[in-house]
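K.L.:
What follows is run_18.txt, made up of compact mmCIF, C-alpha atoms and all ligand atoms:
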# COMPACT_ATOMS: atom_id res chain seq x y z
CA MET K 843 0.00 0.00 0.00
CA LYS K 844 2.73 2.36 1.03
CA THR K 845 4.67 1.71 -2.19
CA LEU K 846 1.52 2.23 -4.23
CA ILE K 847 0.95 5.61 -2.64
CA LEU K 848 4.59 6.46 -3.09
CA THR K 849 4.64 5.45 -6.77
CA SER K 850 1.49 7.35 -7.57
CA MET K 851 2.82 10.37 -5.73
CA MET K 852 6.04 10.15 -7.71
CA ALA K 853 4.06 9.85 -10.93
CA MET K 854 2.08 12.94 -10.00
CA ILE K 855 5.22 14.89 -9.27
CA ALA K 856 6.73 13.77 -12.58
CA LEU K 857 3.58 14.86 -14.40
CA ALA K 858 3.47 18.21 -12.69
CA SER K 859 7.07 18.96 -13.49
CA ALA K 860 7.16 17.50 -17.02
CA PRO K 861 8.03 20.39 -19.32
CA LYS K 862 5.01 21.52 -21.30
CA HIS K 863 5.22 21.24 -25.08
CA VAL K 864 3.43 23.54 -27.47
CA TYR K 865 2.99 23.73 -31.22
CA VAL K 866 4.21 26.53 -33.44
CA THR K 867 4.36 27.16 -37.15
CA VAL K 868 7.36 28.83 -38.76
CA GLY K 869 8.47 29.61 -42.30
CA SER K 870 10.00 26.39 -43.68
CA ASP K 871 13.20 28.22 -44.58
CA ALA K 872 13.89 28.73 -40.86
CA VAL K 873 13.59 25.08 -39.78
CA SER K 874 17.17 23.89 -40.11
CA ASN K 875 18.55 26.75 -38.01
CA SER K 876 15.88 26.14 -35.37
CA GLN K 877 16.74 22.47 -35.19
CA LYS K 878 20.42 23.27 -34.76
CA SER K 879 19.98 25.49 -31.75
CA LEU K 880 16.96 24.13 -29.85
CA SER K 881 17.26 20.75 -28.21
CA SER K 882 13.55 20.10 -27.73
CA ILE K 883 12.37 20.81 -31.25
CA LYS K 884 10.51 18.21 -33.30
CA LYS K 885 9.32 18.64 -36.87
CA LEU K 886 5.79 17.26 -37.29
CA ALA K 887 4.54 18.35 -40.70
CA ALA K 888 5.55 20.70 -43.46
CA THR K 889 4.74 22.28 -46.79
CA GLU K 890 7.15 24.23 -48.94
CA GLU K 891 6.19 27.41 -47.10
CA VAL K 892 5.15 26.47 -43.56
CA THR K 893 6.38 23.88 -41.01
CA VAL K 894 4.69 22.66 -37.80
CA LEU K 895 7.10 22.24 -34.89
CA LYS K 896 6.61 20.82 -31.42
CA VAL K 897 8.76 22.68 -28.92
CA ARG K 898 9.16 22.95 -25.16
CA GLU K 899 7.30 26.00 -23.91
CA ASP K 900 10.35 27.25 -21.99
CA GLU K 901 12.35 27.34 -25.23
CA LEU K 902 9.97 29.73 -26.98
CA VAL K 903 11.97 32.82 -26.03
CA LYS K 904 15.07 31.18 -27.50
CA LEU K 905 13.17 30.39 -30.70
CA SER K 906 11.95 33.93 -30.90
CA LYS K 907 15.46 35.29 -30.47
CA LEU K 908 16.81 32.96 -33.13
CA MET K 909 14.15 34.09 -35.60
CA HIS K 910 15.11 37.63 -34.86
CA ASP K 911 18.89 37.23 -35.09
CA LYS K 912 19.15 34.73 -37.94
CA HIS K 913 16.03 35.42 -40.00
CA ASN K 914 15.33 39.07 -39.37
CA ARG K 915 11.82 38.24 -38.13
CA CYS K 916 10.39 39.82 -35.07
CA GLY K 917 8.75 36.95 -33.19
CA GLY K 918 8.87 34.72 -36.17
CA PHE K 919 6.45 31.97 -35.21
CA VAL K 920 2.72 31.49 -34.75
CA PHE K 921 1.63 29.89 -31.48
CA HIS K 922 -0.97 27.09 -31.48
CA GLU K 923 -2.88 25.49 -28.61
CA SER K 924 -3.20 22.14 -30.38
CA LEU K 925 -1.62 20.13 -33.16
CA GLU K 926 -4.89 20.19 -35.07
CA GLU K 927 -4.95 23.97 -35.07
CA ALA K 928 -1.29 24.12 -36.13
CA GLN K 929 -2.02 21.83 -39.04
CA SER K 930 -4.85 24.04 -40.26
CA PHE K 931 -2.18 26.70 -40.76
CA LEU K 932 -0.43 24.50 -43.29
CA ASN K 933 -2.93 24.31 -46.06
CA VAL K 934 -4.08 27.85 -45.91
CA LYS K 935 -4.74 28.13 -49.62
CA ALA K 936 -6.95 25.03 -49.57
CA ASN K 937 -8.76 26.27 -46.45
CA ALA K 938 -9.44 29.69 -47.78
CA GLN K 939 -13.01 30.59 -48.39
CA LYS K 940 -14.49 27.23 -49.15
CA ASN K 941 -17.59 27.64 -47.03
CA PHE K 942 -19.26 30.74 -48.41
CA ALA K 943 -20.40 32.21 -51.70
CA PRO K 944 -17.76 34.33 -53.44
CA VAL K 945 -17.86 38.00 -52.56
CA ASN K 946 -19.04 40.45 -55.21
CA TYR K 947 -16.53 43.32 -55.29
CA THR K 948 -17.99 46.47 -56.86
CA ILE K 949 -17.43 50.18 -56.53
CA THR K 950 -20.86 51.82 -56.37
CA GLU K 951 -20.82 54.44 -53.59
CA GLY K 952 -18.79 57.20 -55.31
CA PRO K 953 -20.03 60.50 -53.89
CA ARG K 954 -20.73 59.10 -50.44
CA VAL K 955 -17.24 57.63 -50.14
CA GLU K 956 -15.59 60.76 -51.53
CA ALA K 957 -17.28 62.90 -48.91
CA MET K 958 -16.15 60.62 -46.11
CA VAL K 959 -12.62 60.10 -47.44
CA SER K 960 -12.11 63.87 -47.48
CA MET K 961 -12.88 64.04 -43.75
CA THR K 962 -9.70 62.39 -42.43
CA GLN K 963 -7.63 64.57 -40.12
CA GLU K 964 -3.96 63.88 -39.60
CA ILE K 965 -3.99 65.54 -36.17
CA ASN K 966 -6.51 63.00 -34.80
CA ILE K 967 -4.38 60.06 -35.86
CA ARG K 968 -1.25 61.71 -34.50
CA THR K 969 -2.90 62.37 -31.13
CA THR K 970 -4.11 58.78 -30.75
CA ILE K 971 -0.63 57.46 -31.58
CA GLU K 972 0.85 59.75 -28.94
CA LYS K 973 -1.66 58.67 -26.29
CA LEU K 974 -1.17 54.97 -26.99
CA SER K 975 2.61 55.21 -26.99
CA ALA K 976 2.53 57.02 -23.64
CA PHE K 977 1.64 53.73 -21.90
CA ASN K 978 4.93 52.22 -20.68
CA ASN K 979 4.06 49.25 -22.84
CA ARG K 980 0.93 47.46 -24.07
CA TYR K 981 2.31 44.00 -23.40
CA TYR K 982 -0.30 41.23 -23.19
CA GLN K 983 0.69 40.20 -19.66
CA ALA K 984 1.30 43.68 -18.22
CA GLN K 985 -1.22 45.79 -16.30
CA THR K 986 -0.40 48.66 -18.68
CA GLY K 987 -1.53 46.36 -21.53
CA VAL K 988 -4.88 46.02 -19.77
CA ASP K 989 -5.09 49.77 -19.08
CA SER K 990 -4.32 50.62 -22.71
CA GLN K 991 -7.24 48.44 -23.83
CA ALA K 992 -9.52 50.24 -21.36
CA PHE K 993 -8.40 53.44 -23.08
CA VAL K 994 -9.21 52.05 -26.55
CA LYS K 995 -12.62 50.84 -25.35
CA LYS K 996 -13.48 54.22 -23.80
CA THR K 997 -12.26 56.13 -26.86
CA TRP K 998 -14.44 54.06 -29.18
CA GLN K 999 -17.40 54.23 -26.77
CA ASP K 1000 -17.18 58.02 -26.60
CA LEU K 1001 -17.16 58.24 -30.41
CA ALA K 1002 -20.36 56.17 -30.49
CA ALA K 1003 -22.01 58.01 -27.59
CA ASN K 1004 -25.22 58.88 -29.40
CA ARG K 1005 -25.69 55.57 -31.21
CA THR K 1006 -27.91 52.85 -29.73
CA ASP K 1007 -27.15 50.42 -32.58
CA VAL K 1008 -23.42 50.36 -31.83
CA LYS K 1009 -21.81 48.36 -29.04
CA VAL K 1010 -18.24 48.26 -27.78
CA GLU K 1011 -17.18 45.19 -25.80
CA TYR K 1012 -14.18 43.31 -24.48
CA PHE K 1013 -13.41 39.91 -25.91
CA GLU K 1014 -11.75 38.25 -22.90
CA HIS K 1015 -9.00 35.67 -23.33
CA SER K 1016 -8.67 32.95 -20.70
CA SER K 1017 -4.89 32.41 -20.89
CA TRP K 1018 -3.67 36.01 -20.34
CA LYS K 1019 -4.99 39.23 -18.92
CA GLN K 1020 -5.13 41.66 -21.84
CA PRO K 1021 -8.56 41.63 -23.53
CA SER K 1022 -9.28 42.41 -27.17
CA VAL K 1023 -11.75 45.24 -27.93
CA VAL K 1024 -14.57 44.83 -30.46
CA MET K 1025 -16.96 47.51 -31.73
CA THR K 1026 -19.99 46.23 -33.65
CA ILE K 1027 -22.38 48.14 -35.92
CA GLU K 1028 -25.28 45.84 -36.69
CA GLY K 1029 -26.12 45.66 -40.42
CA SER K 1030 -29.57 46.78 -41.57
CA ASP K 1031 -30.03 44.43 -44.59
CA ALA K 1032 -27.57 41.57 -44.27
CA PRO K 1033 -26.62 41.42 -40.58
CA ASN K 1034 -25.17 37.91 -41.00
CA GLU K 1035 -22.54 39.14 -43.43
CA ILE K 1036 -19.63 40.56 -41.46
CA VAL K 1037 -16.90 43.01 -42.45
CA VAL K 1038 -13.90 43.21 -40.09
CA ILE K 1039 -11.50 46.16 -39.79
CA GLY K 1040 -8.75 45.32 -37.31
CA GLY K 1041 -5.25 45.76 -35.98
CA HIS K 1042 -3.27 44.65 -32.95
CA ALA K 1043 -3.24 46.79 -29.86
CA ASP K 1044 -0.37 45.16 -27.98
CA SER K 1045 3.30 46.15 -28.06
CA ILE K 1046 6.53 44.40 -27.15
CA ALA K 1047 10.25 45.07 -26.69
CA GLY K 1048 13.30 43.30 -25.31
CA TRP K 1049 13.77 39.66 -24.45
CA TRP K 1050 13.54 39.46 -20.66
CA GLY K 1051 11.34 41.40 -18.22
CA ARG K 1052 8.96 42.31 -20.99
CA GLU K 1053 6.20 43.17 -18.49
CA ARG K 1054 8.29 46.16 -17.46
CA ALA K 1055 10.26 46.99 -20.63
CA ARG K 1056 9.48 50.29 -22.35
CA ALA K 1057 7.67 49.49 -25.60
CA PRO K 1058 6.00 52.58 -27.08
CA GLY K 1059 5.03 50.71 -30.25
CA ALA K 1060 4.14 53.94 -32.04
CA ASP K 1061 4.40 52.42 -35.50
CA ASP K 1062 3.85 48.81 -34.36
CA ASN K 1063 0.98 49.19 -33.86
CA ALA K 1064 -0.40 52.37 -32.29
CA SER K 1065 -0.47 53.60 -35.90
CA GLY K 1066 -2.94 50.89 -36.95
CA ILE K 1067 -5.23 51.42 -33.95
CA ALA K 1068 -5.11 55.19 -34.51
CA THR K 1069 -5.97 54.65 -38.19
CA ILE K 1070 -8.98 52.52 -37.21
CA THR K 1071 -10.04 55.07 -34.58
CA GLU K 1072 -10.13 57.79 -37.24
CA ILE K 1073 -12.24 55.57 -39.53
CA ILE K 1074 -14.67 55.07 -36.63
CA ARG K 1075 -14.78 58.81 -35.91
CA ILE K 1076 -15.77 59.60 -39.48
CA ALA K 1077 -18.35 56.79 -39.58
CA MET K 1078 -19.94 58.07 -36.37
CA ASP K 1079 -19.82 61.75 -37.41
CA MET K 1080 -21.59 60.87 -40.68
CA GLY K 1081 -24.22 58.70 -38.96
CA TYR K 1082 -23.05 55.80 -41.15
CA LYS K 1083 -25.41 52.79 -41.02
CA PRO K 1084 -24.11 49.78 -42.96
CA LYS K 1085 -26.19 47.12 -44.70
CA ARG K 1086 -23.76 44.43 -43.57
CA THR K 1087 -22.55 44.12 -39.99
CA VAL K 1088 -19.24 45.89 -39.41
CA LYS K 1089 -16.83 44.97 -36.60
CA PHE K 1090 -13.81 47.05 -35.61
CA MET K 1091 -11.22 45.08 -33.65
CA ALA K 1092 -8.20 45.92 -31.48
CA TYR K 1093 -6.58 42.53 -30.93
CA ALA K 1094 -4.67 41.50 -27.83
CA ALA K 1095 -1.48 39.40 -27.86
CA GLU K 1096 -0.49 39.59 -31.51
CA GLU K 1097 3.21 40.00 -30.75
CA VAL K 1098 3.36 36.63 -29.01
CA GLY K 1099 2.02 34.53 -31.90
CA LEU K 1100 -1.23 36.14 -33.18
CA ARG K 1101 -2.96 34.70 -30.13
CA GLY K 1102 -5.81 37.19 -29.64
CA SER K 1103 -6.92 37.26 -33.27
CA LYS K 1104 -6.62 33.50 -33.51
CA GLU K 1105 -9.12 33.01 -30.69
CA ILE K 1106 -11.48 35.53 -32.27
CA ALA K 1107 -11.23 34.15 -35.82
CA GLN K 1108 -11.68 30.59 -34.58
CA ALA K 1109 -14.74 31.64 -32.54
CA HIS K 1110 -16.28 33.09 -35.72
CA LYS K 1111 -15.47 29.89 -37.58
CA ARG K 1112 -16.92 27.64 -34.88
CA ALA K 1113 -20.14 29.68 -34.88
CA GLY K 1114 -20.36 29.35 -38.68
CA MET K 1115 -20.32 33.12 -39.14
CA ASN K 1116 -19.99 34.52 -42.65
CA VAL K 1117 -17.09 37.00 -42.55
CA VAL K 1118 -17.04 38.47 -46.07
CA GLY K 1119 -13.92 40.60 -45.72
CA VAL K 1120 -11.14 41.41 -43.27
CA VAL K 1121 -8.59 44.19 -43.45
CA GLN K 1122 -5.57 44.31 -41.15
CA PHE K 1123 -3.92 47.61 -40.30
CA ASP K 1124 -0.55 46.78 -38.75
CA MET K 1125 2.10 49.53 -39.21
CA THR K 1126 0.80 52.44 -41.25
CA ASN K 1127 2.90 55.45 -40.30
CA HIS K 1128 6.46 54.90 -41.49
CA LYS K 1129 7.08 55.73 -45.11
CA GLY K 1130 9.97 53.41 -45.92
CA THR K 1131 9.63 53.03 -49.71
CA ASP K 1132 10.19 56.11 -51.87
CA ASP K 1133 7.93 55.32 -54.78
CA LEU K 1134 5.16 53.39 -53.00
CA ASP K 1135 2.72 54.55 -50.32
CA ILE K 1136 0.66 51.41 -49.72
CA VAL K 1137 2.04 47.90 -50.17
CA PHE K 1138 -0.18 44.80 -50.07
CA MET K 1139 1.21 41.59 -48.59
CA THR K 1140 0.50 38.73 -50.98
CA ASP K 1141 0.93 35.83 -48.55
CA PHE K 1142 -1.76 34.67 -46.08
CA THR K 1143 -4.14 37.02 -47.88
CA ASN K 1144 -6.94 36.81 -50.44
CA ASP K 1145 -5.96 37.87 -53.97
CA ALA K 1146 -9.42 39.06 -55.06
CA GLN K 1147 -9.92 41.28 -52.02
CA THR K 1148 -6.38 42.64 -52.34
CA LYS K 1149 -6.99 43.53 -55.98
CA PHE K 1150 -10.25 45.24 -55.04
CA MET K 1151 -8.45 47.32 -52.43
CA GLY K 1152 -5.94 48.38 -55.09
CA LYS K 1153 -8.90 49.63 -57.12
CA LEU K 1154 -10.22 51.49 -54.07
CA ILE K 1155 -6.87 53.30 -53.79
CA ASP K 1156 -6.94 54.29 -57.48
CA GLU K 1157 -10.51 55.50 -57.18
CA TYR K 1158 -10.47 57.28 -53.83
CA VAL K 1159 -6.97 57.69 -52.37
CA LYS K 1160 -4.88 58.22 -55.52
CA VAL K 1161 -1.45 57.27 -54.17
CA PRO K 1162 1.08 54.80 -55.63
CA TRP K 1163 0.70 51.22 -54.40
CA GLY K 1164 2.29 47.83 -54.98
CA TYR K 1165 2.95 44.38 -53.58
CA SER K 1166 5.36 42.69 -51.18
CA LYS K 1167 5.54 39.52 -49.08
CA CYS K 1168 6.12 38.80 -45.39
CA GLY K 1169 7.28 35.24 -45.99
CA TYR K 1170 5.39 33.96 -42.91
CA GLY K 1171 2.13 34.69 -41.05
CA CYS K 1172 3.37 38.07 -39.88
CA SER K 1173 0.18 39.56 -38.47
CA ASP K 1174 -3.47 38.97 -37.58
CA HIS K 1175 -4.68 38.70 -41.18
CA ALA K 1176 -3.09 35.21 -41.10
CA SER K 1177 -5.46 34.17 -38.30
CA TRP K 1178 -8.48 35.02 -40.44
CA HIS K 1179 -6.98 33.59 -43.59
CA SER K 1180 -6.27 30.31 -41.82
CA ALA K 1181 -9.83 30.22 -40.52
CA GLY K 1182 -10.98 30.32 -44.17
CA TYR K 1183 -11.93 33.99 -44.45
CA PRO K 1184 -10.74 36.51 -47.09
CA ALA K 1185 -8.26 38.99 -45.64
CA ALA K 1186 -5.96 41.74 -46.92
CA MET K 1187 -2.97 43.50 -45.38
CA PRO K 1188 -2.11 46.97 -46.71
CA PHE K 1189 1.31 47.80 -45.26
CA GLU K 1190 3.45 50.96 -44.91
CA SER K 1191 6.45 49.83 -47.03
CA THR K 1192 7.93 46.86 -48.83
CA MET K 1193 9.48 44.16 -46.65
CA GLY K 1194 12.91 45.30 -47.83
CA ASP K 1195 12.34 48.79 -46.43
CA ILE K 1196 10.87 48.00 -43.01
CA ASN K 1197 11.07 50.27 -40.02
CA GLY K 1198 14.10 49.02 -38.08
CA HIS K 1199 12.95 50.49 -34.76
CA ILE K 1200 9.95 48.25 -34.11
CA HIS K 1201 10.04 46.12 -30.97
CA THR K 1202 12.45 48.57 -29.29
CA ALA K 1203 12.10 51.58 -27.00
CA ARG K 1204 12.87 53.70 -30.07
CA ASP K 1205 9.58 52.95 -31.85
CA THR K 1206 8.24 56.45 -31.26
CA ILE K 1207 6.41 58.91 -33.51
CA SER K 1208 9.61 60.97 -33.73
CA GLN K 1209 10.82 58.33 -36.22
CA SER K 1210 7.97 59.52 -38.45
CA ASN K 1211 8.58 63.30 -38.32
CA ASP K 1212 6.22 63.59 -35.34
CA ASP K 1213 3.27 63.45 -37.71
CA ALA K 1214 0.73 60.95 -39.07
CA VAL K 1215 0.84 62.00 -42.71
CA HIS K 1216 1.53 58.47 -43.93
CA ALA K 1217 -1.13 56.82 -41.76
CA GLU K 1218 -3.77 59.25 -43.05
CA LYS K 1219 -3.61 57.54 -46.48
CA PHE K 1220 -4.50 54.26 -44.78
CA ALA K 1221 -7.42 55.89 -42.96
CA LYS K 1222 -8.75 57.04 -46.35
CA LEU K 1223 -8.39 53.51 -47.75
CA GLY K 1224 -10.10 52.15 -44.62
CA VAL K 1225 -13.04 54.52 -45.02
CA ALA K 1226 -13.43 53.45 -48.68
CA PHE K 1227 -13.24 49.77 -47.68
CA LEU K 1228 -15.78 50.31 -44.91
CA VAL K 1229 -18.41 51.85 -47.15
CA GLU K 1230 -17.85 49.79 -50.33
CA MET K 1231 -17.86 46.54 -48.33
CA GLY K 1232 -20.43 47.50 -45.69
CA LYS K 1233 -22.34 49.72 -48.24
N1 LIG S 1301 3.89 44.42 -37.25
C1 LIG S 1301 4.61 43.20 -37.15
C2 LIG S 1301 4.66 42.45 -38.45
C3 LIG S 1301 5.55 42.99 -39.51
C4 LIG S 1301 6.83 43.43 -39.21
C5 LIG S 1301 5.12 42.97 -40.81
C6 LIG S 1301 7.63 43.91 -40.23
C7 LIG S 1301 5.93 43.40 -41.82
C8 LIG S 1301 7.18 43.89 -41.52
C9 LIG S 1301 3.97 42.29 -36.13
O1 LIG S 1301 3.50 42.97 -35.03
C10 LIG S 1301 4.97 41.26 -35.68
O2 LIG S 1301 5.93 41.62 -35.07
N2 LIG S 1301 4.74 40.00 -35.99
C11 LIG S 1301 5.61 38.91 -35.64
C12 LIG S 1301 4.99 37.62 -35.99
C13 LIG S 1301 4.10 37.03 -34.95
C14 LIG S 1301 3.62 35.68 -35.43
C15 LIG S 1301 4.72 36.93 -33.58
C16 LIG S 1301 6.89 38.97 -36.44
O3 LIG S 1301 6.96 39.61 -37.47
O4 LIG S 1301 7.83 38.27 -36.05
ZN ZN S 1302 5.43 43.66 -34.04
Please render this file's structure as structure tokens.

P.N.:
Amino acid sequence: MKTLILTSMMAMIALASAPKHVYVTVGSDAVSNSQKSLSSIKKLAATEEVTVLKVREDELVKLSKLMHDKHNRCGGFVFHESLEEAQSFLNVKANAQKNFAPVNYTITEGPRVEAMVSMTQEINIRTTIEKLSAFNNRYYQAQTGVDSQAFVKKTWQDLAANRTDVKVEYFEHSSWKQPSVVMTIEGSDAPNEIVVIGGHADSIAGWWGRERARAPGADDNASGIATITEIIRIAMDMGYKPKRTVKFMAYAAEEVGLRGSKEIAQAHKRAGMNVVGVVQFDMTNHKGTDDLDIVFMTDFTNDAQTKFMGKLIDEYVKVPWGYSKCGYGCSDHASWHSAGYPAAMPFESTMGDINGHIHTARDTISQSNDDAVHAEKFAKLGVAFLVEMGK
């Protein structure tokens, strides 16, 4: 009896202290380097582009640092709760959009969109960037990352103060303390068709003590949240009432593996919701490429929606635009894409010209002339997308 108790106690201790393994996906080009420097890594499945790895949770920081040093990627991997979910990231092209009727992309709202596009104000975007970067950081496990989301929620609520058909809510995540924020305008004709305009609200810097590290994240991604906030302001000022349901989202925990948006996108998928279009604003205020203002990422995105957004720029924003590639699921659009929904990612520069200050204490608006001139172009595109998709 005694030995039985002892053995089961020992088994329990072994279980409790067994290192936890998690699943991540990385760009396949980064696998051999990862295998060389991490002892716990195991390759489980792969395509030419993406590989599923099993790795000890306590080696994630090391993996992240390797991606940064050797592959010039910031975090460099997408975090998954289960193997099944990791595998769904592999065949993203096959997953994409199989469940719903194709979206009809047409430009029909000329004068209405022109009026709204002309309303953007650079000073509003600048001010929001400054307020968001004043939080010490917006890290997903820091109290300041919770406080910054309270600020986003209140800002959006105040903009919608005289609207009873608009709600602003937290989307709580069970594994960390920072919530996402979601603003919903219920559609009048097709409420089951959903248009999503989102960006990540968290910031990150350094490798250790990230809860306390200064991470202003002005470009990455206060700029995206400020862009979205200006789109909301114009929609509310104009009394805009969409036919489809529109949801504005400020995602938590993007910088640690797209975790907030993944929970949200998967929740939409599980509920069988018809998301007809998603746009991701992540980094909009650093003009890195001389001859291009808006650059669409062509991986983990939907080609038809991307092309449509190019047309929206020609029609309403009239700035030069082009294409580039992240090479991996670099932001929250990948969460939606992998859940089978069409997404696009208009970005501030080509990948070759990226802002080198992100994820450091130097990511401040002073790197962008202390103005939001570049981000304003994205707010105009966002307004056009809002009305032509939401109608
Ligand atoms: N804003 C960046 C993504 C980005 C950086 C896109 C540079 C294009 C150029 C984003 O917040 C980020 O840092 N993403 C992580 C990936 C994520 C899965 C942890 C990254 O790039 O490593
Ligand atoms: Zn980042």

K.L.:
Set the cut-off to 9 Å, count all atoms listed in the file, and list whatever residues fall near ligand ZN 1302 (chain S) as a PyMOL selection string.

P.N.:
chain K and resi 916-917+1042+1044-1047+1059+1061-1063+1096-1098+1124-1125+1172-1173+1200-1201

K.L.:
Show me, as JSON, numbers by chain, the residues that have an atom within 7 Å of region 898-906 of chain K when counting only C-alpha atoms, minus same-chain residues fewer than 5 positions from it.

P.N.:
{"K": [861, 862, 863, 864, 876, 882, 917, 918]}

K.L.:
Those selected residues, please, written with C-alpha atoms and delivered as a short mmCIF file (atom, residue, chain, number, x, y, z; two decimals), keeping the file's coordinate frame.

P.N.:
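Result saved to result11.cif:
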data_model
loop_
_atom_site.label_atom_id
_atom_site.label_comp_id
_atom_site.auth_asym_id
_atom_site.auth_seq_id
_atom_site.Cartn_x
_atom_site.Cartn_y
_atom_site.Cartn_z
CA PRO K 861 8.03 20.39 -19.32
CA LYS K 862 5.01 21.52 -21.30
CA HIS K 863 5.22 21.24 -25.08
CA VAL K 864 3.43 23.54 -27.47
CA SER K 876 15.88 26.14 -35.37
CA SER K 882 13.55 20.10 -27.73
CA GLY K 917 8.75 36.95 -33.19
CA GLY K 918 8.87 34.72 -36.17
#

K.L.:
Taking only C-alpha atoms into account, which of K:Ala1077, K:Ile1196, K:Val1137, K:Val945 comes nearest Met958 (chain K)?

P.N.:
K:Ala1077

K.L.:
Show me, as a list in words, the residues that have an atom within 8 Å of Ala1092 (chain K) when counting only C-alpha atoms, minus same-chain residues fewer than 6 positions from it.

P.N.:
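Non-adjacent residues within range: Val994, Ser1022, Val1023, Val1024, Gly1040, Gly1041, His1042, Ala1043 and Ile1067 of chain K.
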
K.L.:
Compile a residue-level contact table for region 1142-1174 of chain K against region 1105-1123 of chain K at a cut-off of 10 Å, reporting for every qualifying residue the shortest atom pair and its distance in Å to one decimal, with all atoms listed in the file counted, rows ordered by chain and ascending number, as a Markdown table.

P.N.:
| residue | atom | partner | partner_atom | distance |
| --- | --- | --- | --- | --- |
| K:Thr1143 | CA | K:Val1120 | CA | 9.5 |
| K:Asn1144 | CA | K:Gly1119 | CA | 9.2 |
| K:Gln1147 | CA | K:Gly1119 | CA | 7.5 |
| K:Thr1148 | CA | K:Val1121 | CA | 9.3 |
| K:Met1151 | CA | K:Val1121 | CA | 9.5 |
| K:Ser1173 | CA | K:Gln1122 | CA | 7.9 |
| K:Asp1174 | CA | K:Gln1122 | CA | 6.8 |

K.L.:
Just C-alpha atoms for this one: save the residues we selected as an mmCIF file, keeping the file's coordinate frame.

P.N.:
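The resulting part-v5.cif:
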data_model
loop_
_atom_site.group_PDB
_atom_site.id
_atom_site.type_symbol
_atom_site.label_atom_id
_atom_site.label_comp_id
_atom_site.auth_asym_id
_atom_site.auth_seq_id
_atom_site.Cartn_x
_atom_site.Cartn_y
_atom_site.Cartn_z
ATOM 1 C CA THR K 1143 -4.140 37.020 -47.880
ATOM 2 C CA ASN K 1144 -6.940 36.810 -50.440
ATOM 3 C CA GLN K 1147 -9.920 41.280 -52.020
ATOM 4 C CA THR K 1148 -6.380 42.640 -52.340
ATOM 5 C CA MET K 1151 -8.450 47.320 -52.430
ATOM 6 C CA SER K 1173 0.180 39.560 -38.470
ATOM 7 C CA ASP K 1174 -3.470 38.970 -37.580
#

K.L.:
Identify which of the residues K:Ala860, K:Leu1223, K:Met1193, K:Met1187 lies closest to ligand LIG 1301 (chain S), counting all atoms listed in the file when measuring atom-to-atom distances.

P.N.:
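The answer is K:Met1193, which sits nearest to ligand LIG 1301 (chain S).
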
K.L.:
Could you check how far CA of Tyr947 (chain K) sits from CA of Ser1180 (chain K), in Å to one decimal?

P.N.:
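Separation of CA of Tyr947 (chain K) and CA of Ser1180 (chain K): 21.4 Å.
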
K.L.:
Could you list, as a PyMOL selection string, every residue within 7 Å of Phe977 (chain K), counting only C-alpha atoms and ignoring same-chain residues fewer than 3 positions away?

P.N.:
chain K and resi 974+980+986+990+1058

K.L.:
Taking (-24.6, 65.2, -44.4) in the coordinates of the supplied file, I want to know which residues reach to within 10 Å of it, counting all atoms listed in the file; could you give the answer as an MDAnalysis selection string?

P.N.:
chainID K and resid 954 957:958 1079:1081

K.L.:
Counting only C-alpha atoms and all ligand atoms, which residue out of K:Leu925, K:Ile883, K:Ile1074, K:Met909 sits closest to ligand LIG 1301 (chain S)?

P.N.:
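For ligand LIG 1301 (chain S), the nearest of the given residues is K:Met909.
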
K.L.:
Identify which of the residues K:Thr867, K:Thr948, K:Ser960, K:Gln983 lies closest to ligand LIG 1301 (chain S), counting all atoms listed in the file when measuring atom-to-atom distances.

P.N.:
K:Thr867

K.L.:
Please measure the separation of CA of Gln999 (chain K) and CA of Thr1069 (chain K), giving the value in Å to one decimal.

P.N.:
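According to the coordinates, CA of Gln999 (chain K) and CA of Thr1069 (chain K) are separated by 16.2 Å.
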
K.L.:
Using all atoms listed in the file, pick whichever of K:Val1229, K:Val920, K:Val1037, K:Ala928 has the shortest atom-to-atom distance to ligand LIG 1301 (chain S).

P.N.:
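Among the listed residues, the smallest separation from ligand LIG 1301 (chain S) belongs to K:Val920.
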
K.L.:
Rounded to one decimal, what separation in Å do you get between CA of Ala1060 (chain K) and CA of Ile971 (chain K)?

P.N.:
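Here the two named atoms are 5.9 Å from each other.
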
K.L.:
Compile the contact shell of region 995-998 of chain K as a compact mmCIF listing (two decimals) with C-alpha atoms, keeping the file's coordinate frame: residues with an atom at most 7 Å away, counting only C-alpha atoms, same-chain residues fewer than 4 positions apart removed.

P.N.:
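result-v8.txt was written with the following content:
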# COMPACT_ATOMS: atom_id res chain seq x y z
CA GLN K 991 -7.24 48.44 -23.83
CA ALA K 1002 -20.36 56.17 -30.49
CA VAL K 1010 -18.24 48.26 -27.78
CA VAL K 1023 -11.75 45.24 -27.93

K.L.:
With all atoms listed in the file as the basis for distance, which of K:Val866, K:Leu1001, K:Leu895, K:Val955 is at the shortest distance from ligand LIG 1301 (chain S)?

P.N.:
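Once distances to ligand LIG 1301 (chain S) are computed over all atoms listed in the file, the minimum belongs to K:Val866.
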
K.L.:
Residues proximal to (-11.8, 47.3, -53.0) were defined as those with any atom within 12 Å of that point in the file's coordinates, counting all atoms listed in the file. Which are they, as number ranges by chain?

P.N.:
K: 945-951, 1119-1121, 1144-1159, 1185-1186, 1188, 1223-1233

K.L.:
Excluding Tyr1170 (chain K) and residues on its chain fewer than 5 positions from it, collect all residues at most 8 Å away from it, counting only C-alpha atoms, and give them as a PyMOL selection string.

P.N.:
chain K and resi 868-869+891-892+918+1141-1142

K.L.:
Take the residues just selected and output them with C-alpha atoms as a compact mmCIF listing (two decimals), in the frame of the given file.

P.N.:
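Result file is part_17.txt:
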# COMPACT_ATOMS: atom_id res chain seq x y z
CA VAL K 868 7.36 28.83 -38.76
CA GLY K 869 8.47 29.61 -42.30
CA GLU K 891 6.19 27.41 -47.10
CA VAL K 892 5.15 26.47 -43.56
CA GLY K 918 8.87 34.72 -36.17
CA ASP K 1141 0.93 35.83 -48.55
CA PHE K 1142 -1.76 34.67 -46.08
